[in-house]
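Data file: coords_10.txt. Format and content: compact mmCIF, C-alpha atoms.
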```txt
# COMPACT_ATOMS: atom_id res chain seq x y z
CA MET A 157 -18.55 -30.95 -6.35
CA ARG A 158 -14.96 -30.32 -5.30
CA LEU A 159 -13.02 -27.81 -7.40
CA LYS A 160 -9.69 -29.19 -8.65
CA VAL A 161 -7.05 -26.46 -8.96
CA PHE A 162 -3.59 -26.09 -10.50
CA THR A 163 -1.68 -22.83 -9.99
CA ALA A 164 1.33 -21.97 -12.16
CA PHE A 165 3.93 -19.41 -11.08
CA SER A 166 2.32 -19.90 -7.69
CA GLY A 167 4.36 -17.76 -5.31
CA TYR A 168 2.79 -18.23 -1.88
CA ASP A 169 -0.53 -18.81 -3.70
CA SER A 170 -2.90 -15.89 -3.22
CA GLN A 171 -5.31 -17.81 -5.43
CA CYS A 172 -5.72 -20.54 -2.83
CA LEU A 173 -5.95 -17.97 -0.03
CA ALA A 174 -8.85 -16.35 -1.91
CA LEU A 175 -10.62 -19.67 -2.56
CA ARG A 176 -10.24 -20.61 1.09
CA ARG A 177 -11.58 -17.23 2.25
CA LEU A 178 -14.53 -17.64 -0.10
CA GLY A 179 -15.34 -21.01 1.43
CA ILE A 180 -14.84 -22.94 -1.82
CA ASP A 181 -14.39 -26.69 -1.40
CA TYR A 182 -11.22 -27.09 -3.47
CA GLU A 183 -8.20 -29.33 -3.83
CA LEU A 184 -4.83 -28.05 -5.01
CA VAL A 185 -3.84 -31.00 -7.19
CA GLY A 186 -0.62 -29.32 -8.25
CA TRP A 187 1.39 -26.12 -8.36
CA SER A 188 4.47 -24.87 -10.16
CA GLU A 189 7.12 -22.70 -8.49
CA ILE A 190 10.93 -22.60 -8.67
CA ASP A 191 11.85 -19.76 -6.28
CA LYS A 192 13.06 -21.44 -3.08
CA TYR A 193 11.76 -18.71 -0.80
CA ALA A 194 8.31 -18.67 -2.40
CA ILE A 195 8.26 -22.47 -2.06
CA GLN A 196 9.19 -22.08 1.60
CA ALA A 197 6.30 -19.66 2.14
CA HIS A 198 3.87 -21.85 0.16
CA ASN A 199 4.76 -24.88 2.27
CA ALA A 200 4.21 -22.82 5.42
CA LEU A 201 0.69 -21.92 4.25
CA PHE A 202 -0.29 -25.14 2.48
CA SER A 203 1.73 -27.93 4.04
CA GLU A 204 -0.74 -30.52 2.76
CA ALA A 205 0.36 -29.74 -0.82
CA ALA A 206 4.12 -29.64 -0.19
CA ASP A 207 4.65 -32.77 -2.30
CA ARG A 208 2.64 -31.46 -5.26
CA ASN A 209 5.03 -28.82 -6.57
CA TYR A 210 5.84 -29.75 -10.17
CA GLY A 211 8.65 -27.19 -10.33
CA ASP A 212 9.82 -25.69 -13.63
CA ILE A 213 6.80 -25.24 -15.89
CA CYS A 214 8.96 -26.00 -18.94
CA LYS A 215 9.64 -29.50 -17.65
CA ILE A 216 6.16 -30.63 -16.62
CA ASP A 217 4.70 -33.72 -18.28
CA TRP A 218 1.09 -32.61 -18.21
CA ALA A 219 -0.19 -36.07 -19.08
CA GLN A 220 1.05 -37.19 -15.65
CA VAL A 221 -0.71 -34.37 -13.78
CA PRO A 222 -4.17 -35.09 -12.30
CA ASP A 223 -7.05 -33.39 -14.10
CA PHE A 224 -8.12 -29.97 -12.82
CA ASP A 225 -11.03 -27.56 -13.30
CA LEU A 226 -9.26 -24.23 -12.68
CA PHE A 227 -5.84 -23.25 -14.01
CA THR A 228 -4.28 -19.96 -12.87
CA TYR A 229 -1.16 -18.51 -14.45
CA SER A 230 0.40 -15.26 -13.29
CA PHE A 231 3.48 -15.51 -15.49
CA PRO A 232 6.55 -13.29 -14.85
CA CYS A 233 6.08 -9.59 -15.63
CA THR A 234 9.85 -9.01 -15.75
CA ASP A 235 10.03 -8.20 -19.46
CA ILE A 236 6.81 -6.21 -19.82
CA SER A 237 6.73 -4.16 -16.63
CA ALA A 238 7.63 -0.48 -16.81
CA ALA A 239 10.16 -1.18 -14.05
CA GLY A 240 11.89 -3.87 -16.17
CA GLN A 241 13.87 -3.91 -19.40
CA GLN A 242 10.74 -4.44 -21.54
CA LYS A 243 12.28 -7.15 -23.73
CA GLY A 244 8.79 -8.42 -24.46
CA LEU A 245 7.10 -11.80 -24.37
CA GLU A 246 7.16 -12.97 -27.99
CA LYS A 247 6.95 -16.72 -28.41
CA GLY A 248 10.42 -18.25 -28.63
CA SER A 249 12.17 -15.06 -27.43
CA GLY A 250 13.57 -16.74 -24.34
CA THR A 251 12.55 -13.91 -22.02
CA ARG A 252 11.09 -14.72 -18.62
CA SER A 253 7.75 -13.23 -19.67
CA SER A 254 7.65 -15.55 -22.69
CA LEU A 255 7.02 -18.39 -20.23
CA LEU A 256 3.38 -17.56 -20.90
CA TRP A 257 3.52 -19.76 -23.97
CA GLU A 258 4.50 -22.77 -21.88
CA CYS A 259 1.01 -22.64 -20.40
CA GLU A 260 -0.46 -23.64 -23.75
CA LYS A 261 0.73 -27.22 -23.17
CA ALA A 262 -1.26 -27.47 -19.94
CA ILE A 263 -4.39 -26.05 -21.55
CA GLU A 264 -4.17 -28.20 -24.67
CA ILE A 265 -3.75 -31.45 -22.73
CA LYS A 266 -5.91 -30.86 -19.62
CA ARG A 267 -8.64 -28.53 -21.02
CA PRO A 268 -9.72 -27.12 -17.63
CA LYS A 269 -13.13 -25.45 -17.41
CA PHE A 270 -11.74 -22.15 -16.14
CA LEU A 271 -8.52 -20.19 -16.73
CA LEU A 272 -7.30 -17.09 -14.92
CA LEU A 273 -4.40 -14.94 -16.16
CA GLU A 274 -3.04 -11.98 -14.16
CA ASN A 275 -0.26 -9.57 -15.03
CA VAL A 276 0.76 -5.92 -15.12
CA LYS A 277 -1.34 -3.37 -16.96
CA ALA A 278 1.39 -2.93 -19.60
CA LEU A 279 0.31 -6.24 -21.15
CA VAL A 280 -2.69 -4.52 -22.73
CA GLN A 281 -0.89 -1.39 -23.80
CA LYS A 282 0.23 -0.78 -27.37
CA LYS A 283 3.73 -2.25 -27.10
CA PHE A 284 2.58 -5.69 -25.94
CA GLU A 285 -1.11 -5.92 -26.84
CA GLY A 286 -0.28 -7.84 -30.02
CA SER A 287 1.06 -10.76 -27.97
CA PHE A 288 -1.89 -10.56 -25.60
CA ASN A 289 -4.35 -10.68 -28.51
CA GLU A 290 -2.45 -13.58 -30.06
CA TRP A 291 -2.75 -15.48 -26.80
CA GLN A 292 -6.50 -14.92 -26.67
CA THR A 293 -6.82 -16.17 -30.25
CA ILE A 294 -5.02 -19.37 -29.25
CA LEU A 295 -7.42 -19.87 -26.34
CA GLU A 296 -10.41 -19.31 -28.63
CA GLY A 297 -9.02 -22.06 -30.83
CA TYR A 298 -9.22 -24.41 -27.86
CA GLY A 299 -12.86 -23.47 -27.32
CA TYR A 300 -12.59 -20.77 -24.65
CA ALA A 301 -14.54 -17.53 -24.31
CA ASN A 302 -12.29 -14.74 -23.02
CA PHE A 303 -13.11 -11.82 -20.74
CA ALA A 304 -10.41 -9.25 -19.92
CA LYS A 305 -10.40 -6.20 -17.67
CA VAL A 306 -7.93 -4.01 -15.77
CA LEU A 307 -8.85 -3.93 -12.07
CA ASN A 308 -7.43 -1.70 -9.34
CA ALA A 309 -6.99 -3.15 -5.85
CA LYS A 310 -8.23 0.08 -4.25
CA ASP A 311 -11.66 -0.63 -5.79
CA TYR A 312 -11.92 -3.97 -3.97
CA GLY A 313 -11.21 -3.21 -0.34
CA VAL A 314 -7.43 -2.67 -0.19
CA PRO A 315 -5.81 0.79 0.16
CA GLN A 316 -3.23 0.16 -2.56
CA ASN A 317 -3.18 1.73 -6.02
CA ARG A 318 -2.43 -1.46 -7.95
CA GLU A 319 -3.75 -1.88 -11.50
CA ARG A 320 -3.52 -5.36 -13.02
CA ILE A 321 -4.98 -7.03 -16.10
CA PHE A 322 -7.10 -10.13 -15.50
CA LEU A 323 -8.19 -12.55 -18.21
CA VAL A 324 -10.95 -15.00 -17.31
CA SER A 325 -11.40 -17.78 -19.87
CA ILE A 326 -14.32 -20.22 -19.75
CA ARG A 327 -14.44 -23.41 -21.81
CA MET A 328 -17.62 -23.12 -23.84
CA ASP A 329 -18.30 -26.84 -24.11
CA GLY A 330 -17.58 -27.44 -20.47
CA LEU A 331 -20.74 -25.92 -19.02
CA GLU A 332 -23.99 -27.72 -19.74
CA GLY A 333 -26.54 -25.69 -21.67
CA LEU A 334 -24.21 -22.79 -22.40
CA VAL A 335 -22.36 -23.88 -25.52
CA GLY A 336 -21.63 -20.71 -27.51
CA ASN A 337 -23.38 -18.52 -24.94
CA VAL A 338 -20.88 -18.17 -22.10
CA GLN A 339 -20.65 -14.84 -20.28
CA TYR A 340 -18.63 -13.48 -17.39
CA TYR A 341 -19.08 -10.20 -15.51
CA PHE A 342 -16.19 -8.79 -13.53
CA PRO A 343 -17.00 -7.52 -10.03
CA GLN A 344 -18.08 -3.91 -9.85
CA PRO A 345 -15.87 -1.39 -7.99
CA MET A 346 -16.90 -0.71 -4.42
CA PRO A 347 -16.24 2.11 -1.94
CA LEU A 348 -12.94 1.85 -0.08
CA ASP A 349 -13.70 1.55 3.62
CA LYS A 350 -10.27 0.46 4.76
CA ARG A 351 -7.72 3.22 5.18
CA LEU A 352 -3.95 3.20 5.20
CA LYS A 353 -3.86 3.42 9.00
CA ASP A 354 -5.77 0.13 9.13
CA VAL A 355 -2.82 -1.79 7.67
CA LEU A 356 -0.03 -0.07 9.61
CA GLU A 357 1.57 -1.67 12.64
CA ALA A 358 1.20 0.10 15.98
CA GLU A 359 4.85 -0.38 16.91
CA VAL A 360 7.62 -0.45 14.32
CA ASP A 361 11.29 -1.22 14.78
CA GLU A 362 13.57 1.79 14.57
CA LYS A 363 15.44 0.27 11.62
CA TYR A 364 12.55 1.14 9.32
CA TYR A 365 12.79 4.89 9.99
CA LEU A 366 14.82 7.27 7.88
CA SER A 367 17.90 8.76 9.46
CA GLU A 368 18.36 12.49 9.83
CA LYS A 369 20.74 12.35 6.87
CA MET A 370 18.08 10.74 4.69
CA MET A 371 15.50 13.29 5.86
CA GLU A 372 17.84 16.07 4.77
CA TYR A 373 18.22 14.37 1.39
CA PHE A 374 14.46 14.27 0.97
CA ASN A 375 14.27 17.97 1.72
CA ARG A 376 16.84 18.73 -0.98
CA VAL A 377 15.37 16.59 -3.77
CA ASN A 378 11.86 17.93 -3.26
CA ALA A 379 12.66 21.59 -3.77
CA ASP A 380 11.91 21.83 -7.50
CA THR A 381 8.67 23.81 -7.87
CA SER A 382 8.52 23.21 -11.62
CA HIS A 383 7.51 19.62 -10.93
CA CYS A 384 5.60 20.17 -7.72
CA HIS A 385 2.43 18.12 -7.42
CA LYS A 386 -0.68 20.27 -7.71
CA PHE A 387 -3.60 19.24 -5.50
CA LYS A 388 -7.00 20.23 -6.87
CA PRO A 389 -8.57 22.83 -4.57
CA LYS A 390 -11.97 22.10 -3.09
CA ASP A 391 -14.74 24.62 -2.47
CA GLY A 392 -12.63 27.50 -3.71
CA GLU A 393 -9.80 26.92 -1.24
CA ASP A 394 -6.18 27.39 -2.22
CA THR A 395 -5.31 24.13 -0.51
CA ALA A 396 -2.49 21.93 -1.71
CA PHE A 397 -3.01 19.32 1.01
CA THR A 398 -5.22 19.29 4.08
CA ILE A 399 -5.87 17.09 7.07
CA ARG A 400 -9.34 18.03 8.24
CA THR A 401 -10.43 17.60 11.85
CA ALA A 402 -13.70 18.23 13.60
CA PRO A 403 -13.66 19.93 17.05
CA GLY A 404 -12.13 17.55 19.57
CA GLN A 405 -11.26 14.95 16.92
CA ARG A 406 -7.87 13.28 17.04
CA VAL A 407 -5.62 13.45 14.03
CA ASP A 408 -5.17 9.72 13.46
CA ASP A 409 -4.25 9.58 9.80
CA ASN A 410 -1.00 8.29 8.34
CA PHE A 411 -0.02 8.90 4.76
CA VAL A 412 2.19 7.39 2.10
CA LEU A 413 4.38 9.65 -0.01
CA GLY A 414 3.32 9.77 -3.64
CA TRP A 415 5.52 11.34 -6.26
CA THR A 416 5.71 13.38 -9.44
CA ARG A 417 8.12 12.26 -12.17
CA ASP A 418 9.82 14.34 -14.84
CA SER A 419 9.89 13.44 -18.54
CA LYS A 420 12.74 10.98 -17.91
CA GLY A 421 10.89 9.16 -15.16
CA LYS A 422 12.94 10.64 -12.30
CA VAL A 423 11.10 11.30 -9.05
CA VAL A 424 11.27 15.06 -8.56
CA ASN A 425 8.65 15.71 -5.89
CA ARG A 426 6.96 13.73 -3.17
CA HIS A 427 3.59 14.50 -1.60
CA PRO A 428 1.21 12.82 0.87
CA VAL A 429 -1.41 10.40 -0.52
CA GLU A 430 -4.04 8.35 1.28
CA VAL A 431 -3.72 5.14 -0.76
CA ALA A 432 -0.45 3.22 -0.88
CA ASN A 433 1.61 3.15 -4.05
CA CYS A 434 1.82 -0.16 -5.87
CA VAL A 435 3.78 -2.80 -3.96
CA THR A 436 6.27 -4.36 -6.38
CA ALA A 437 9.03 -6.94 -6.23
CA ALA A 438 11.74 -4.42 -7.13
CA LYS A 439 14.51 -4.06 -4.56
CA ARG A 440 13.64 -0.40 -4.14
CA ASP A 441 9.95 -1.10 -3.55
CA ASN A 442 9.88 -0.69 0.20
CA THR A 443 11.29 2.80 -0.38
CA GLN A 444 8.55 3.60 -2.88
CA ASN A 445 6.07 3.33 -0.03
CA TYR A 446 7.45 5.76 2.53
CA VAL A 447 5.03 6.31 5.39
CA LEU A 448 4.54 9.80 6.78
CA CYS A 449 4.02 9.24 10.51
CA LEU A 450 2.37 11.76 12.80
CA GLY A 451 4.17 11.61 16.11
CA ARG A 452 6.94 9.58 17.70
CA ASN A 453 7.29 6.07 16.28
CA GLY A 454 4.10 6.61 14.32
CA ALA A 455 2.08 7.43 17.44
CA VAL A 456 -0.54 10.15 17.11
CA ASN A 457 -0.14 13.50 18.81
CA THR A 458 -3.25 14.56 20.69
CA ASP A 459 -2.55 18.20 21.41
CA ASN A 460 -3.02 21.11 19.03
CA GLU A 461 0.67 21.18 18.25
CA GLY A 462 0.27 17.80 16.59
CA ILE A 463 -2.48 18.82 14.21
CA CYS A 464 -1.49 19.40 10.63
CA ARG A 465 -3.04 22.57 9.29
CA THR A 466 -3.72 23.38 5.67
CA ILE A 467 -0.72 23.62 3.37
CA LYS A 468 -1.34 26.55 1.09
CA ALA A 469 -0.67 26.19 -2.60
CA GLN A 470 1.87 28.99 -2.55
CA TYR A 471 4.02 26.88 -0.23
CA CYS A 472 4.24 24.06 -2.74
CA LYS A 473 7.98 24.62 -2.97
CA ASN A 474 9.78 22.30 -0.58
CA SER A 475 6.42 20.78 0.33
CA LEU A 476 7.96 17.71 1.90
CA ALA A 477 10.58 19.79 3.65
CA ASN A 478 7.78 21.84 5.19
CA PHE A 479 6.23 18.62 6.45
CA ALA A 480 9.52 17.43 7.85
CA ARG A 481 10.32 20.47 10.00
CA ARG A 482 10.19 19.79 13.72
CA ASP A 483 10.19 23.32 15.13
CA GLY A 484 6.50 23.77 15.89
CA LEU A 485 3.33 24.37 13.91
CA GLY A 486 4.12 26.65 10.99
CA ALA A 487 2.03 28.36 8.31
CA THR A 488 2.66 25.50 5.96
CA GLY A 489 1.16 22.88 8.23
CA VAL A 490 4.17 21.44 10.04
CA VAL A 491 3.63 18.52 12.41
CA ASN A 492 5.77 18.13 15.52
CA ASN A 493 7.83 14.92 15.69
CA LEU A 494 6.90 13.93 12.16
CA ARG A 495 8.96 11.01 10.89
CA ILE A 496 9.25 9.06 7.67
CA ARG A 497 9.73 5.31 7.46
CA LYS A 498 9.51 2.40 5.09
CA LEU A 499 6.66 -0.09 5.10
CA THR A 500 7.38 -3.25 7.05
CA PRO A 501 7.05 -6.67 5.37
CA ARG A 502 3.88 -7.32 7.41
CA GLU A 503 2.34 -4.10 6.13
CA CYS A 504 3.19 -5.06 2.54
CA PHE A 505 1.50 -8.43 3.00
CA ARG A 506 -1.54 -6.70 4.51
CA LEU A 507 -1.68 -4.44 1.44
CA MET A 508 -1.75 -7.66 -0.61
CA GLY A 509 -4.79 -8.83 1.34
CA VAL A 510 -3.01 -11.51 3.39
CA ASP A 511 -4.46 -12.18 6.86
CA ASP A 512 -2.23 -11.73 9.88
CA ALA A 513 -2.48 -15.43 10.77
CA ASP A 514 -1.04 -16.33 7.37
CA ILE A 515 1.62 -13.61 7.62
CA ASP A 516 2.64 -15.17 10.94
CA LYS A 517 3.14 -18.52 9.20
CA ILE A 518 5.29 -16.99 6.46
CA GLN A 519 7.42 -15.06 8.90
CA ALA A 520 7.79 -18.05 11.22
CA ALA A 521 9.37 -19.91 8.30
CA GLY A 522 12.50 -17.78 8.74
CA ILE A 523 12.37 -15.96 5.40
CA SER A 524 14.42 -12.73 5.24
CA ASN A 525 12.75 -9.33 5.03
CA SER A 526 14.13 -8.71 1.53
CA GLN A 527 12.59 -11.95 0.27
CA GLN A 528 9.29 -11.15 1.99
CA TYR A 529 9.16 -7.79 0.21
CA LYS A 530 9.89 -9.53 -3.08
CA MET A 531 7.24 -12.24 -2.75
CA ALA A 532 4.59 -9.75 -1.62
CA GLY A 533 5.29 -7.57 -4.66
CA ASN A 534 5.17 -10.59 -6.97
CA SER A 535 1.81 -11.74 -5.72
CA ILE A 536 -1.85 -10.94 -6.43
CA VAL A 537 -4.11 -9.06 -4.01
CA VAL A 538 -6.25 -11.69 -2.28
CA ASP A 539 -9.30 -9.42 -2.10
CA VAL A 540 -9.34 -8.90 -5.88
CA LEU A 541 -9.11 -12.65 -6.47
CA TYR A 542 -11.84 -13.20 -3.89
CA HIS A 543 -14.29 -11.06 -5.85
CA ILE A 544 -13.25 -12.51 -9.23
CA PHE A 545 -13.82 -16.05 -7.97
CA ARG A 546 -17.03 -14.98 -6.28
CA LYS A 547 -18.43 -13.83 -9.62
CA LEU A 548 -17.11 -16.90 -11.41
CA LEU A 549 -17.94 -19.69 -8.99
CA VAL A 550 -20.47 -18.52 -6.42
CA GLU A 551 -22.65 -15.63 -7.56
CA PRO A 552 -23.07 -15.81 -11.33
CA GLY A 553 -26.81 -15.24 -11.25
CA GLN A 554 -28.11 -11.72 -11.67
CA GLU A 555 -25.98 -10.36 -14.49
CA GLY A 556 -26.37 -13.04 -17.14
CA ASN A 557 -26.22 -16.71 -17.94
CA GLN A 558 -22.95 -17.30 -16.14
CA GLN A 559 -22.80 -20.77 -14.63
CA THR A 560 -21.17 -22.44 -11.63
CA LEU A 561 -19.81 -25.80 -10.69
CA PHE A 562 -21.76 -25.77 -7.45
```

Please render this file's structure as structure tokens.
Amino acid sequence: MRLKVFTAFSGYDSQCLALRRLGIDYELVGWSEIDKYAIQAHNALFSEAADRNYGDICKIDWAQVPDFDLFTYSFPCTDISAAGQQKGLEKGSGTRSSLLWECEKAIEIKRPKFLLLENVKALVQKKFEGSFNEWQTILEGYGYANFAKVLNAKDYGVPQNRERIFLVSIRMDGLEGLVGNVQYYFPQPMPLDKRLKDVLEAEVDEKYYLSEKMMEYFNRVNADTSHCHKFKPKDGEDTAFTIRTAPGQRVDDNFVLGWTRDSKGKVVNRHPVEVANCVTAAKRDNTQNYVLCLGRNGAVNTDNEGICRTIKAQYCKNSLANFARRDGLGATGVVNNLRIRKLTPRECFRLMGVDDADIDKIQAAGISNSQQYKMAGNSIVVDVLYHIFRKLLVEPGQEGNQQTLF
């Protein structure tokens, strides 16, 4: 049986990328997107559905939309995200996040079997959980069983620390034999096999690298020891940060710079981390994921002078400055020719689980880098969706009475 799908707030449609990767026989009967660049990317990936964009969700006549089995709605996080103004999402408030309530019309009229909501983790925190609970109550009134959980992309195969709330809703009278007994089990976390270096490009344009002036700025702003990040020592060592190498092993790791914030939210110290920070749509996002490159243009040094030794805890002061020195291998673990750069748009898409072939299609559409950063940050990690749909549509068996269309 072919799965009929409608995606609201579609972006370039990670949902369809996940269904396609999973091998689901589906048809995108409609989608809703108003951003012209996201539409451009969507058409590049799904040209067969270019004439099925219903546009502004507030203006859709749902009675004229073909029936569908799965409805996904990743409504704007603008007014609930910690990076936004947090105006909220109360019904009738007129905020962008309050577009959630427009989805009720689609659900009331079409009554799809499955619903999938995705948004930032803040939706289930104290300030906004009242609206989230109210929404679930509305869905229960339409006969849906709700299952919510915060999932982190790094637990599902992508080296990005990205926590998002997912709400799976299943229509209780829509699955034969399961009226009043519907269950859903979210995918279990799995070991992260992919590393940051696996998503980085081998050759990167010079424009992505920080200038000497910016490097000096980094050195200055990371000198405050009162906010210096403390790495937990292992095996009794006084290590703040270590790159370990076996005899004869190349140092082939690249790192992203994490940060410590003060009580006002200001970044006061940066330090190397092995999993990328969350990719967001904010204009500053590509600077939140600075890459610490070992060697010229990110290339790896193979001699001993390119190996980063242990950084002792007592050298926590100016920790990034110590990394950035270029005058040989010092006591604090200095790497020759170390450089810092921003993630490229391709790397951001890879961190969102998009295959290179699909990235090629988006970039061939002539969309600017700034818009590519934005749409990547606004999207959902394909790998997370893959495993959610796998548990919902393909492998419901072992953990309960969960059913499938197939």

Can you write out as CSV which residues of stretch 281-323 of chain A fall within 10 Å of stretch 349-354 of chain A, alongside each residue's closest atom pair and its distance in Å to one decimal, counting only C-alpha atoms and ordering rows by chain and ascending residue number?
```
residue,atom,partner,partner_atom,distance
A:Lys310,CA,A:Lys350,CA,9.2
A:Asp311,CA,A:Asp349,CA,9.9
A:Tyr312,CA,A:Asp349,CA,9.6
A:Gly313,CA,A:Lys350,CA,6.4
A:Val314,CA,A:Lys350,CA,6.5
A:Pro315,CA,A:Leu352,CA,5.9
A:Gln316,CA,A:Leu352,CA,8.4
```

Exercise. Find the residues near stretch 248-257 of chain A: any atom within 7 Å, counting all atoms listed in the file, skip ones fewer than 2 places away on the same chain, and give them as a list of chain:residue names.
Key: A:Phe231, A:Pro232, A:Cys233, A:Thr234, A:Asp235, A:Lys243, A:Gly244, A:Leu245, A:Glu246, A:Cys259, A:Glu260

Quiz item: Do you have the atom CA of A:Lys269-atom CA of A:Glu183 distance handy?
Solution: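 Pair atom CA of A:Lys269 / atom CA of A:Glu183 returns 15.0 Å.
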
Practice problem: Enter the distance from atom CA of A:Asn289 to atom CA of A:Trp218, in Å, rounded to one decimal. | Solution: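 Answer for the atom CA of A:Asn289 to atom CA of A:Trp218 separation: 24.8 Å.
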
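The coordinates place atom CA of A:Thr163 at 17.0 Å from atom CA of A:Leu178.
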
In file coordinates, which residues lie within 12 Å of (3.8, -15.2, 12.1) using only C-alpha atoms, given as a compact mmCIF listing (two decimals) with C-alpha atoms, in the coordinates of the input?
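Everything below was put into part.txt:
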```txt
# COMPACT_ATOMS: atom_id res chain seq x y z
CA ALA A 197 6.30 -19.66 2.14
CA ALA A 200 4.21 -22.82 5.42
CA LEU A 201 0.69 -21.92 4.25
CA PRO A 501 7.05 -6.67 5.37
CA ARG A 502 3.88 -7.32 7.41
CA PHE A 505 1.50 -8.43 3.00
CA VAL A 510 -3.01 -11.51 3.39
CA ASP A 511 -4.46 -12.18 6.86
CA ASP A 512 -2.23 -11.73 9.88
CA ALA A 513 -2.48 -15.43 10.77
CA ASP A 514 -1.04 -16.33 7.37
CA ILE A 515 1.62 -13.61 7.62
CA ASP A 516 2.64 -15.17 10.94
CA LYS A 517 3.14 -18.52 9.20
CA ILE A 518 5.29 -16.99 6.46
CA GLN A 519 7.42 -15.06 8.90
CA ALA A 520 7.79 -18.05 11.22
CA ALA A 521 9.37 -19.91 8.30
CA GLY A 522 12.50 -17.78 8.74
CA ILE A 523 12.37 -15.96 5.40
```

Please rebuild stretch 165-180 of chain A with N, CA and C atoms and give the result as an mmCIF file, in the frame of the given file.
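The result, stored in result_12.cif:
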```cif
data_model
loop_
_atom_site.group_PDB
_atom_site.id
_atom_site.type_symbol
_atom_site.label_atom_id
_atom_site.label_comp_id
_atom_site.auth_asym_id
_atom_site.auth_seq_id
_atom_site.Cartn_x
_atom_site.Cartn_y
_atom_site.Cartn_z
ATOM 1 N N PHE A 165 3.252 -20.603 -11.591
ATOM 2 C CA PHE A 165 3.930 -19.410 -11.080
ATOM 3 C C PHE A 165 3.277 -19.025 -9.747
ATOM 4 N N SER A 166 3.215 -19.963 -8.846
ATOM 5 C CA SER A 166 2.320 -19.900 -7.690
ATOM 6 C C SER A 166 2.681 -18.856 -6.649
ATOM 7 N N GLY A 167 3.987 -18.602 -6.435
ATOM 8 C CA GLY A 167 4.360 -17.760 -5.310
ATOM 9 C C GLY A 167 3.894 -18.426 -4.028
ATOM 10 N N TYR A 168 3.363 -17.634 -3.088
ATOM 11 C CA TYR A 168 2.790 -18.230 -1.880
ATOM 12 C C TYR A 168 1.321 -18.563 -2.066
ATOM 13 N N ASP A 169 0.807 -18.375 -3.268
ATOM 14 C CA ASP A 169 -0.530 -18.810 -3.700
ATOM 15 C C ASP A 169 -1.687 -18.001 -3.135
ATOM 16 N N SER A 170 -1.756 -16.734 -3.563
ATOM 17 C CA SER A 170 -2.900 -15.890 -3.220
ATOM 18 C C SER A 170 -4.203 -16.474 -3.749
ATOM 19 N N GLN A 171 -4.117 -17.208 -4.860
ATOM 20 C CA GLN A 171 -5.310 -17.810 -5.430
ATOM 21 C C GLN A 171 -5.978 -18.756 -4.438
ATOM 22 N N CYS A 172 -5.167 -19.602 -3.814
ATOM 23 C CA CYS A 172 -5.720 -20.540 -2.830
ATOM 24 C C CYS A 172 -6.188 -19.827 -1.577
ATOM 25 N N LEU A 173 -5.495 -18.759 -1.176
ATOM 26 C CA LEU A 173 -5.950 -17.970 -0.030
ATOM 27 C C LEU A 173 -7.334 -17.389 -0.311
ATOM 28 N N ALA A 174 -7.555 -16.929 -1.547
ATOM 29 C CA ALA A 174 -8.850 -16.350 -1.910
ATOM 30 C C ALA A 174 -9.937 -17.421 -1.945
ATOM 31 N N LEU A 175 -9.641 -18.579 -2.521
ATOM 32 C CA LEU A 175 -10.620 -19.670 -2.560
ATOM 33 C C LEU A 175 -10.989 -20.122 -1.154
ATOM 34 N N ARG A 176 -9.987 -20.204 -0.296
ATOM 35 C CA ARG A 176 -10.240 -20.610 1.090
ATOM 36 C C ARG A 176 -11.098 -19.577 1.804
ATOM 37 N N ARG A 177 -10.798 -18.282 1.605
ATOM 38 C CA ARG A 177 -11.580 -17.230 2.250
ATOM 39 C C ARG A 177 -13.015 -17.236 1.748
ATOM 40 N N LEU A 178 -13.190 -17.595 0.494
ATOM 41 C CA LEU A 178 -14.530 -17.640 -0.100
ATOM 42 C C LEU A 178 -15.324 -18.856 0.350
ATOM 43 N N GLY A 179 -14.658 -19.814 0.964
ATOM 44 C CA GLY A 179 -15.340 -21.010 1.430
ATOM 45 C C GLY A 179 -15.534 -22.059 0.349
ATOM 46 N N ILE A 180 -14.753 -21.983 -0.721
ATOM 47 C CA ILE A 180 -14.840 -22.940 -1.820
ATOM 48 C C ILE A 180 -14.228 -24.279 -1.372
#
```
